[in-house]
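See below for coords_35.txt, which holds compact mmCIF, C-alpha atoms.
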```txt
# COMPACT_ATOMS: atom_id res chain seq x y z
CA ALA W 51 0.00 0.00 0.00
CA GLY W 52 1.28 3.42 -0.96
CA VAL W 53 4.18 2.07 -3.01
CA ASP W 54 3.91 1.55 -6.76
CA VAL W 55 5.79 -1.66 -7.59
CA ARG W 56 6.16 -3.17 -11.05
CA SER W 57 7.31 -6.78 -11.03
CA TYR W 58 8.50 -8.92 -13.93
CA PRO W 59 9.32 -12.43 -12.64
CA ALA W 60 10.51 -15.14 -14.99
CA GLN W 61 7.35 -17.13 -14.28
CA SER W 62 5.14 -14.52 -15.92
CA VAL W 63 7.69 -13.17 -18.44
CA PRO W 64 9.65 -16.27 -19.53
CA SER W 65 11.51 -14.52 -22.34
CA ARG W 66 14.69 -13.09 -20.82
CA ALA W 67 15.04 -10.46 -23.54
CA THR W 68 11.45 -9.29 -23.01
CA ARG W 69 11.89 -9.29 -19.25
CA LEU W 70 15.06 -7.19 -19.40
CA ARG W 71 13.41 -4.73 -21.78
CA LYS W 72 10.41 -4.34 -19.47
CA LEU W 73 12.68 -3.91 -16.46
CA LEU W 74 14.70 -1.20 -18.19
CA LEU W 75 11.61 0.72 -19.30
CA ALA W 76 10.20 0.48 -15.77
CA ALA W 77 13.54 1.53 -14.25
CA ILE W 78 13.64 4.70 -16.34
CA ARG W 79 10.38 5.80 -14.64
CA SER W 80 11.23 4.51 -11.16
CA ASP W 81 13.23 5.47 -8.10
CA TYR W 82 14.69 2.01 -7.52
CA LEU W 83 15.40 -1.10 -9.57
CA VAL W 84 15.63 -4.22 -7.38
CA LEU W 85 17.40 -7.13 -9.05
CA HIS W 86 18.09 -10.62 -7.83
CA PHE W 87 21.88 -10.57 -8.12
CA HIS W 88 22.97 -11.97 -11.47
CA LEU W 89 26.26 -10.47 -12.58
CA PRO W 90 25.51 -10.08 -16.34
CA GLU W 91 22.27 -8.26 -15.52
CA VAL W 92 23.91 -6.06 -12.90
CA MET W 93 26.52 -5.08 -15.48
CA LEU W 94 23.87 -4.52 -18.17
CA PHE W 95 21.70 -2.21 -16.06
CA SER W 96 24.69 -0.38 -14.60
CA ILE W 97 25.81 0.53 -18.10
CA ALA W 98 22.29 1.30 -19.40
CA LEU W 99 21.37 3.60 -16.52
CA ALA W 100 24.77 5.30 -16.62
CA LEU W 101 24.04 6.25 -20.23
CA LEU W 102 20.81 7.93 -19.10
CA PRO W 103 22.16 10.92 -17.13
CA PHE W 104 18.69 12.19 -16.19
CA SER W 105 17.52 8.89 -14.73
CA ARG W 106 16.91 9.00 -10.96
CA CYS W 107 16.77 5.20 -10.67
CA LYS W 108 19.10 3.53 -8.17
CA ILE W 109 20.02 -0.14 -8.46
CA VAL W 110 19.51 -2.40 -5.45
CA THR W 111 20.55 -6.05 -5.59
CA LEU W 112 19.20 -8.94 -3.58
CA ASP W 113 21.47 -11.89 -2.74
CA PHE W 114 25.09 -11.88 -3.89
CA PHE W 115 27.24 -14.29 -5.85
CA ILE W 116 30.01 -13.68 -8.37
CA GLY W 117 32.15 -16.81 -8.38
CA THR W 118 35.54 -16.58 -10.08
CA PRO W 119 35.30 -14.28 -13.11
CA ARG W 120 38.01 -13.79 -15.71
CA ALA W 121 40.68 -11.30 -14.68
CA ALA W 122 40.03 -9.20 -17.78
CA LEU W 123 36.48 -8.52 -16.58
CA LEU W 124 37.41 -7.41 -13.08
CA PRO W 125 37.62 -3.65 -13.85
CA LEU W 126 34.14 -3.69 -15.44
CA ILE W 127 32.76 -5.82 -12.60
CA ARG W 128 34.14 -3.46 -9.97
CA TRP W 129 32.74 -0.45 -11.82
CA SER W 130 29.32 -2.09 -12.23
CA ILE W 131 29.07 -3.08 -8.58
CA GLY W 132 30.20 0.41 -7.68
CA ARG W 133 27.06 1.69 -9.42
CA VAL W 134 24.82 -0.41 -7.14
CA HIS W 135 23.15 1.69 -4.44
CA LYS W 136 22.73 -1.18 -1.95
CA LEU W 137 23.77 -4.83 -1.86
CA LEU W 138 21.13 -6.64 0.21
CA VAL W 139 22.47 -10.00 1.39
CA TYR W 140 21.48 -12.96 3.55
CA PHE W 141 24.74 -13.15 5.49
CA LYS W 142 26.33 -11.21 8.36
CA GLN W 143 29.94 -12.23 7.91
CA GLY W 144 32.18 -12.72 4.88
CA GLU W 145 32.34 -9.25 3.41
CA ASP W 146 36.13 -9.29 3.77
CA VAL W 147 36.36 -11.95 1.08
CA PHE W 148 34.52 -9.73 -1.39
CA ALA W 149 36.49 -6.65 -0.34
CA GLN W 150 39.72 -8.44 -1.24
CA LYS W 151 38.47 -9.86 -4.55
CA PHE W 152 36.35 -7.02 -5.85
CA GLY W 153 37.13 -3.97 -3.74
CA ILE W 154 33.66 -3.84 -2.22
CA ARG W 155 33.58 -2.04 1.12
CA LYS W 156 31.77 -3.81 3.98
CA ALA W 157 29.49 -0.80 4.40
CA ARG W 158 28.00 -1.50 0.96
CA PHE W 159 26.41 -4.71 2.23
CA GLU W 160 23.20 -4.74 4.27
CA TYR W 161 21.86 -7.87 5.89
CA ILE W 162 18.20 -8.76 5.56
CA PRO W 163 16.73 -12.06 6.75
CA PHE W 164 15.76 -14.67 4.17
CA LYS W 165 12.30 -16.27 4.21
CA ILE W 166 10.77 -19.72 4.31
CA ASN W 167 10.24 -21.03 0.80
CA SER W 168 6.96 -22.85 0.08
CA LEU W 169 5.63 -21.65 3.43
CA GLU W 170 1.96 -22.13 2.53
CA PHE W 171 2.56 -25.76 1.51
CA ILE W 172 4.80 -26.45 4.50
CA ARG W 173 2.02 -25.32 6.83
CA THR W 174 -0.23 -28.05 5.41
CA ILE W 175 2.27 -30.83 6.21
CA GLN W 176 2.09 -32.94 9.35
CA PRO W 177 5.76 -33.80 10.11
CA GLY W 178 6.77 -37.24 11.33
CA ASP W 179 9.79 -39.43 11.98
CA ASP W 180 10.34 -42.34 9.60
CA GLY W 181 13.85 -42.94 10.93
CA TYR W 182 16.23 -41.53 8.32
CA ILE W 183 18.55 -38.57 7.80
CA PHE W 184 17.58 -36.10 5.09
CA SER W 185 20.05 -34.12 3.01
CA GLY W 186 19.26 -32.12 -0.07
CA GLY W 187 19.98 -29.15 -2.30
CA ARG W 188 22.18 -28.34 -5.24
CA SER W 189 24.54 -25.47 -4.36
CA TYR W 190 28.05 -26.13 -3.03
CA ARG W 191 27.03 -29.31 -1.21
CA ASP W 192 29.98 -31.23 0.20
CA PHE W 193 28.84 -34.73 -0.69
CA ALA W 194 32.34 -36.18 -0.22
CA THR W 195 32.52 -35.12 3.44
CA PHE W 196 28.95 -36.32 4.06
CA PHE W 197 29.66 -39.73 2.52
CA GLU W 198 32.86 -40.07 4.54
CA ALA W 199 30.97 -39.35 7.75
CA MET W 200 28.06 -41.62 6.86
CA SER W 201 30.34 -44.53 5.92
CA LYS W 202 31.28 -44.82 9.60
CA LEU W 203 27.72 -44.56 10.93
CA PRO W 204 24.87 -47.11 11.00
CA TYR W 205 22.02 -44.70 10.25
CA PRO W 206 20.06 -44.58 6.96
CA ALA W 207 20.04 -41.38 4.91
CA LYS W 208 18.26 -40.03 1.84
CA ILE W 209 19.67 -37.32 -0.41
CA ILE W 210 17.62 -35.39 -2.95
CA ALA W 211 20.04 -33.81 -5.39
CA ALA W 212 19.73 -32.16 -8.78
CA PRO W 213 21.01 -33.93 -11.92
CA GLU W 214 24.79 -33.87 -12.31
CA ALA W 215 24.81 -31.11 -14.95
CA VAL W 216 22.91 -28.80 -12.59
CA LEU W 217 25.12 -29.70 -9.63
CA VAL W 218 28.27 -28.84 -11.59
CA GLN W 219 26.81 -25.45 -12.52
CA ASN W 220 26.25 -24.80 -8.81
CA GLY W 221 29.70 -25.74 -7.54
CA CYS W 222 29.34 -29.40 -6.56
CA SER W 223 29.27 -32.90 -8.00
CA LEU W 224 28.44 -36.53 -7.25
CA ALA W 225 30.65 -37.85 -10.05
CA GLY W 226 33.27 -40.36 -8.94
CA LEU W 227 32.11 -40.47 -5.33
CA LYS W 228 31.47 -43.80 -3.61
CA VAL W 229 28.01 -43.72 -2.07
CA PRO W 230 27.83 -45.59 1.26
CA THR W 231 25.36 -48.48 1.37
CA ASN W 232 23.25 -46.69 4.00
CA VAL W 233 22.72 -43.63 1.78
CA GLU W 234 20.06 -43.42 -0.94
CA VAL W 235 20.61 -40.75 -3.61
CA ILE W 236 17.59 -39.45 -5.53
CA THR W 237 18.29 -37.25 -8.55
CA ASP W 238 15.26 -37.86 -10.76
CA ASN W 239 12.43 -36.12 -8.90
CA PRO W 240 12.47 -32.32 -9.21
CA ASP W 241 9.02 -31.85 -7.60
CA PRO W 242 9.41 -29.40 -4.67
CA LYS W 243 6.42 -31.01 -2.93
CA PHE W 244 8.17 -34.38 -2.96
CA PHE W 245 11.30 -32.65 -1.59
CA ASN W 246 9.38 -31.11 1.30
CA LEU W 247 7.40 -34.26 2.07
CA LEU W 248 10.59 -36.34 2.26
CA LEU W 249 12.13 -33.60 4.39
CA SER W 250 9.12 -33.64 6.72
CA ARG W 251 9.36 -37.39 7.41
CA SER W 252 13.04 -37.37 8.40
CA ARG W 253 14.43 -37.62 11.92
CA MET W 254 17.06 -34.93 11.28
CA VAL W 255 18.51 -32.85 8.45
CA VAL W 256 22.18 -32.63 7.49
CA LEU W 257 23.46 -29.92 5.14
CA PRO W 258 27.19 -30.24 4.41
CA VAL W 259 28.48 -27.17 2.55
CA LYS W 260 31.88 -26.82 0.90
CA LYS W 261 34.48 -24.89 2.82
CA GLU W 262 35.37 -22.75 -0.20
CA SER W 263 31.77 -21.66 -0.83
CA THR W 264 31.40 -17.91 -1.41
CA THR W 265 27.63 -17.93 -1.29
CA GLN W 266 25.09 -18.65 1.44
CA ALA W 267 24.44 -22.24 0.33
CA GLY W 268 21.86 -24.21 2.28
CA ILE W 269 19.87 -21.30 3.72
CA SER W 270 16.63 -22.14 1.89
CA VAL W 271 16.66 -25.79 2.95
CA TYR W 272 17.64 -25.15 6.55
CA LEU W 273 14.76 -22.71 6.98
CA GLN W 274 12.28 -25.14 5.44
CA ALA W 275 13.60 -27.88 7.75
CA MET W 276 13.35 -25.63 10.80
CA ALA W 277 9.78 -24.64 9.87
CA LEU W 278 8.99 -28.37 9.97
CA GLU W 279 10.65 -28.55 13.41
CA LYS W 280 13.59 -30.66 12.25
CA CYS W 281 16.96 -30.50 13.96
CA VAL W 282 19.52 -29.26 11.42
CA VAL W 283 23.23 -30.10 11.32
CA ILE W 284 25.00 -27.67 8.98
CA SER W 285 28.51 -26.55 8.02
CA ASP W 286 29.69 -23.13 9.15
CA GLY W 287 30.03 -20.39 6.55
CA LEU W 288 28.06 -17.59 4.87
CA GLY W 289 24.40 -17.53 5.86
CA VAL W 290 25.17 -19.50 9.04
CA ASN W 291 27.83 -17.68 11.07
CA HIS W 292 26.43 -14.88 13.25
CA ILE W 293 22.90 -15.92 12.24
CA LEU W 294 22.46 -19.37 13.81
CA ASP W 295 24.28 -18.49 17.01
CA ASP W 296 21.64 -19.22 19.64
CA GLY W 297 21.22 -22.98 19.40
CA GLN W 298 18.87 -22.98 16.40
CA ALA W 299 21.07 -25.60 14.67
CA VAL W 300 24.15 -27.74 15.21
CA VAL W 301 26.96 -25.95 13.38
CA VAL W 302 30.11 -27.93 12.49
CA PRO W 303 33.37 -26.96 10.74
CA ALA W 304 33.05 -27.19 6.97
CA GLY W 305 34.93 -30.10 5.42
CA ASP W 306 35.45 -31.92 8.74
CA ALA W 307 34.00 -35.43 8.38
CA GLN W 308 34.87 -36.44 11.95
CA SER W 309 33.07 -33.45 13.50
CA LEU W 310 30.12 -34.00 11.18
CA GLY W 311 29.92 -37.66 12.16
CA HIS W 312 30.01 -36.87 15.88
CA ALA W 313 27.27 -34.26 15.47
CA ILE W 314 25.06 -36.65 13.47
CA SER W 315 25.49 -39.40 16.05
CA ARG W 316 24.61 -37.16 18.99
CA VAL W 317 21.54 -35.69 17.31
CA TRP W 318 20.30 -39.13 16.21
CA GLU W 319 20.79 -40.79 19.60
CA ASP W 320 19.78 -37.97 21.98
CA ALA W 321 16.09 -37.19 21.48
CA ALA W 322 15.97 -34.46 24.14
CA TYR W 323 18.95 -32.67 22.57
CA ARG W 324 17.48 -33.08 19.08
CA ASN W 325 14.04 -31.80 20.07
CA SER W 326 15.44 -28.82 21.96
CA ILE W 327 17.37 -27.61 18.92
CA ALA W 328 14.42 -28.32 16.62
CA LYS W 329 12.10 -26.14 18.73
CA LYS W 330 14.58 -23.25 18.75
CA GLY W 331 15.03 -23.64 15.00
CA ARG W 332 11.29 -23.57 14.39
CA ALA W 333 10.85 -20.40 16.45
CA PHE W 334 13.67 -18.76 14.48
CA ALA W 335 12.25 -19.77 11.09
CA GLU W 336 8.72 -18.67 11.96
CA SER W 337 10.04 -15.26 13.00
CA LEU W 338 11.27 -14.73 9.42
CA GLY W 339 7.97 -15.53 7.72
CA GLY W 340 7.46 -15.97 3.99
CA GLU W 341 7.36 -13.90 0.81
CA ASP W 342 5.48 -10.94 2.30
CA HIS W 343 8.00 -10.55 5.13
CA LEU W 344 10.86 -10.53 2.63
CA ARG W 345 9.13 -7.89 0.46
CA ARG W 346 8.62 -5.64 3.47
CA ASN W 347 12.24 -6.09 4.53
CA ILE W 348 13.40 -5.15 1.04
CA LEU W 349 11.27 -1.99 1.01
CA ARG W 350 12.53 -0.98 4.46
CA ALA W 351 16.16 -1.59 3.47
CA VAL W 352 15.72 0.43 0.29
CA GLY W 353 14.20 3.25 2.32
CA VAL W 354 10.69 3.06 0.92
CA THR W 355 8.05 3.00 3.63
CA ALA W 356 4.30 3.09 3.39
```

I need this file expressed as structure tokens, please.
Amino acid sequence: AGVDVRSYPAQSVPSRATRLRKLLLAAIRSDYLVLHFHLPEVMLFSIALALLPFSRCKIVTLDFFIGTPRAALLPLIRWSIGRVHKLLVYFKQGEDVFAQKFGIRKARFEYIPFKINSLEFIRTIQPGDDGYIFSGGRSYRDFATFFEAMSKLPYPAKIIAAPEAVLVQNGCSLAGLKVPTNVEVITDNPDPKFFNLLLSRSRMVVLPVKKESTTQAGISVYLQAMALEKCVVISDGLGVNHILDDGQAVVVPAGDAQSLGHAISRVWEDAAYRNSIAKKGRAFAESLGGEDHLRRNILRAVGVTA
């Protein structure tokens, strides 16, 4: 209410060229252009709006990930990011990494909480415990460390992962890894409802993230798991450190199979410990809400209030 917002999501405007054209035309008439961070688009709009000297539009990006770009592009990348008014992110620590690589000052980043994906559907689910560990996702998952830990444990586990080509695009892979006999890997069911139902029937959730990850991998799944009152074991890193600090999850060192195994064993065997963490996690997730909460947080961070 009181704020005129034009939105062009990929779901309703599937043509990328058409979507970018509509965004640019809207940006010319707007005060702010909010983009989900995608480096080519950030660069495109930085250049386009710079060529329109009378435009009042400021670029705001949501989320942040660059990866390892070619050295020749670094000057243009730094210039483009320098044109961004605010970098809204889902992490509270890690800005130093980006300062070193891309010259981005810490003050340019502003933390806003993420939200629970599929919240309406999750609220219809009655969680249970079918006696298995759940792991899932597609970004920077450390399957090797998880398999090493699970190979020494007697508990069953189910992993829902994307097809290999998608995993590789998102910084991880299952290729060449020996899957322990107590781990079932599912890569052929992309239905998010199936994902959440399998998540809801687990005893606990384990999200191993690669140590070298420079994005907040796992945040969507851990919030969905917490909303279903599941105890989460997760690697430390962006999107975890200084956010899950009050017992909402069991945080272990990234890449440490021994620590991961010990954490899994304790959570599996100690119901009181597991349930205590699950309750704290659920309270934390519910405090973040869903899509509407995120929209309001974006508007407040941008400085638009109604």

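Proximity ranking of W:Glu341, W:Glu198, W:Glu91, W:Asp320 relative to Gln308 (chain W) places W:Glu198 first, based on only C-alpha atoms.
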
Which is closer to Asp81 (chain W) than all the others in W:Arg158, W:His135, W:Lys280, W:Arg253, using all atoms listed in the file?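 Checking each candidate against Asp81 (chain W), we get W:His135 as the closest.
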
Give me, as a list in words, all polymer residues having an atom no more than 10 Å from Leu310 (chain W), counting all atoms listed in the file and skipping those fewer than 6 positions away in the same chain.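 The neighbour list is Thr195, Phe196, Glu198, Ala199, Met200, Val256, Leu257, Pro258, Val283, Ile284, Ser285, Val300, Val301, Val302, Pro303 and Ala304 of chain W.
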
9 Å contact set for Arg173 (chain W), all atoms listed in the file, chain neighbours under 3 positions out, as JSON, numbers by chain: {"W": [168, 169, 170, 176, 277, 278]}

With all atoms listed in the file as the basis for distance, which of W:Glu336, W:Asp306, W:Asp286, W:Glu279 is at the shortest distance from Ile175 (chain W)?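 Among the listed residues, W:Glu279 lies closest to Ile175 (chain W).
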
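From CA of Leu137 (chain W) back to CA of Glu262 (chain W), the distance works out to 21.4 Å.
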
Selected residue of minimal separation from Gly268 (chain W) among W:Met254, W:Val354, W:Gly340, W:Tyr140, counting all atoms listed in the file: W:Tyr140

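When all atoms listed in the file are used to measure the gap to Ala313 (chain W), the shortest distance among W:Phe197, W:Pro163, W:Leu224, W:Cys281 belongs to W:Cys281.
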
Could you state the separation of CA of Ala121 (chain W) and CA of Gln219 (chain W) in Å, given to one decimal place?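 Going from CA of Ala121 (chain W) over to CA of Gln219 (chain W), I get 19.9 Å.
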
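Here the residues that fall within 6 Å of (23.0, -2.8, -8.1), using only C-alpha atoms, are given as Val92, Ile109, Val110, Thr111, Val134 and His135 of chain W.
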
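Minimum atom-to-atom distance to Ile209 (chain W), evaluated using all atoms listed in the file, belongs to W:Arg188 out of W:Arg56, W:Lys151, W:Arg120, W:Arg188.
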
Can you work out the spacing between CA of Pro119 (chain W) and CA of Gln150 (chain W) in Å, to one decimal? 13.9 Å

Residue list as a list in words for point (34.8, -21.0, 3.1), cut-off 8 Å, only C-alpha atoms: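 Output of the proximity query reads Lys260, Lys261, Glu262, Ser263, Thr264, Gly287, Leu288 and Ala304 of chain W.
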
May I have the residues within 9 Å of Leu73 (chain W) as a list of chain:residue names, using only C-alpha atoms and disregarding those fewer than 2 positions away in the same chain? W:Arg56, W:Ser57, W:Tyr58, W:Thr68, W:Arg69, W:Leu70, W:Arg71, W:Leu75, W:Ala76, W:Ala77, W:Ile78, W:Leu83

Is it possible to get the axis-aligned box enclosing region 166-171 of chain W (all listed atoms, 3 Å extra per side) as AutoDock Vina command-line options, with centre and edge lengths in Å rounded to one decimal?
```
--center_x 6.4 --center_y -22.7 --center_z 2.2 --size_x 14.8 --size_y 12.0 --size_z 10.2
```

Do a neighbour search on region 212-218 of chain W at 9 Å with all atoms listed in the file, toss out local chain neighbours closer than 5 positions, and write the hits as a list in words.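 Non-adjacent residues within range: Gly186, Gly187, Arg188, Ser189, Tyr190, Arg191, Ser223, Leu224, Ala225, Ile236, Thr237, Asp238, Asn239 and Pro240 of chain W.
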
Those residues you just picked out, can you put them in a file as a PDB file, in the frame of the given file with C-alpha atoms?
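Once written, result_18.pdb looks like this:
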```pdb
ATOM      1  CA  GLY W 186      19.260 -32.120  -0.070  1.00  0.00           C
ATOM      2  CA  GLY W 187      19.980 -29.150  -2.300  1.00  0.00           C
ATOM      3  CA  ARG W 188      22.180 -28.340  -5.240  1.00  0.00           C
ATOM      4  CA  SER W 189      24.540 -25.470  -4.360  1.00  0.00           C
ATOM      5  CA  TYR W 190      28.050 -26.130  -3.030  1.00  0.00           C
ATOM      6  CA  ARG W 191      27.030 -29.310  -1.210  1.00  0.00           C
ATOM      7  CA  SER W 223      29.270 -32.900  -8.000  1.00  0.00           C
ATOM      8  CA  LEU W 224      28.440 -36.530  -7.250  1.00  0.00           C
ATOM      9  CA  ALA W 225      30.650 -37.850 -10.050  1.00  0.00           C
ATOM     10  CA  ILE W 236      17.590 -39.450  -5.530  1.00  0.00           C
ATOM     11  CA  THR W 237      18.290 -37.250  -8.550  1.00  0.00           C
ATOM     12  CA  ASP W 238      15.260 -37.860 -10.760  1.00  0.00           C
ATOM     13  CA  ASN W 239      12.430 -36.120  -8.900  1.00  0.00           C
ATOM     14  CA  PRO W 240      12.470 -32.320  -9.210  1.00  0.00           C
TER      15      PRO W 240
END
```

Residues near Ile154 (chain W), anyone? I mean within 8 Å using all atoms listed in the file, not counting same-chain ones fewer than 2 positions away, as an MDAnalysis selection string. chainID W and resid 128 131:132 145 148:150 152 156 158
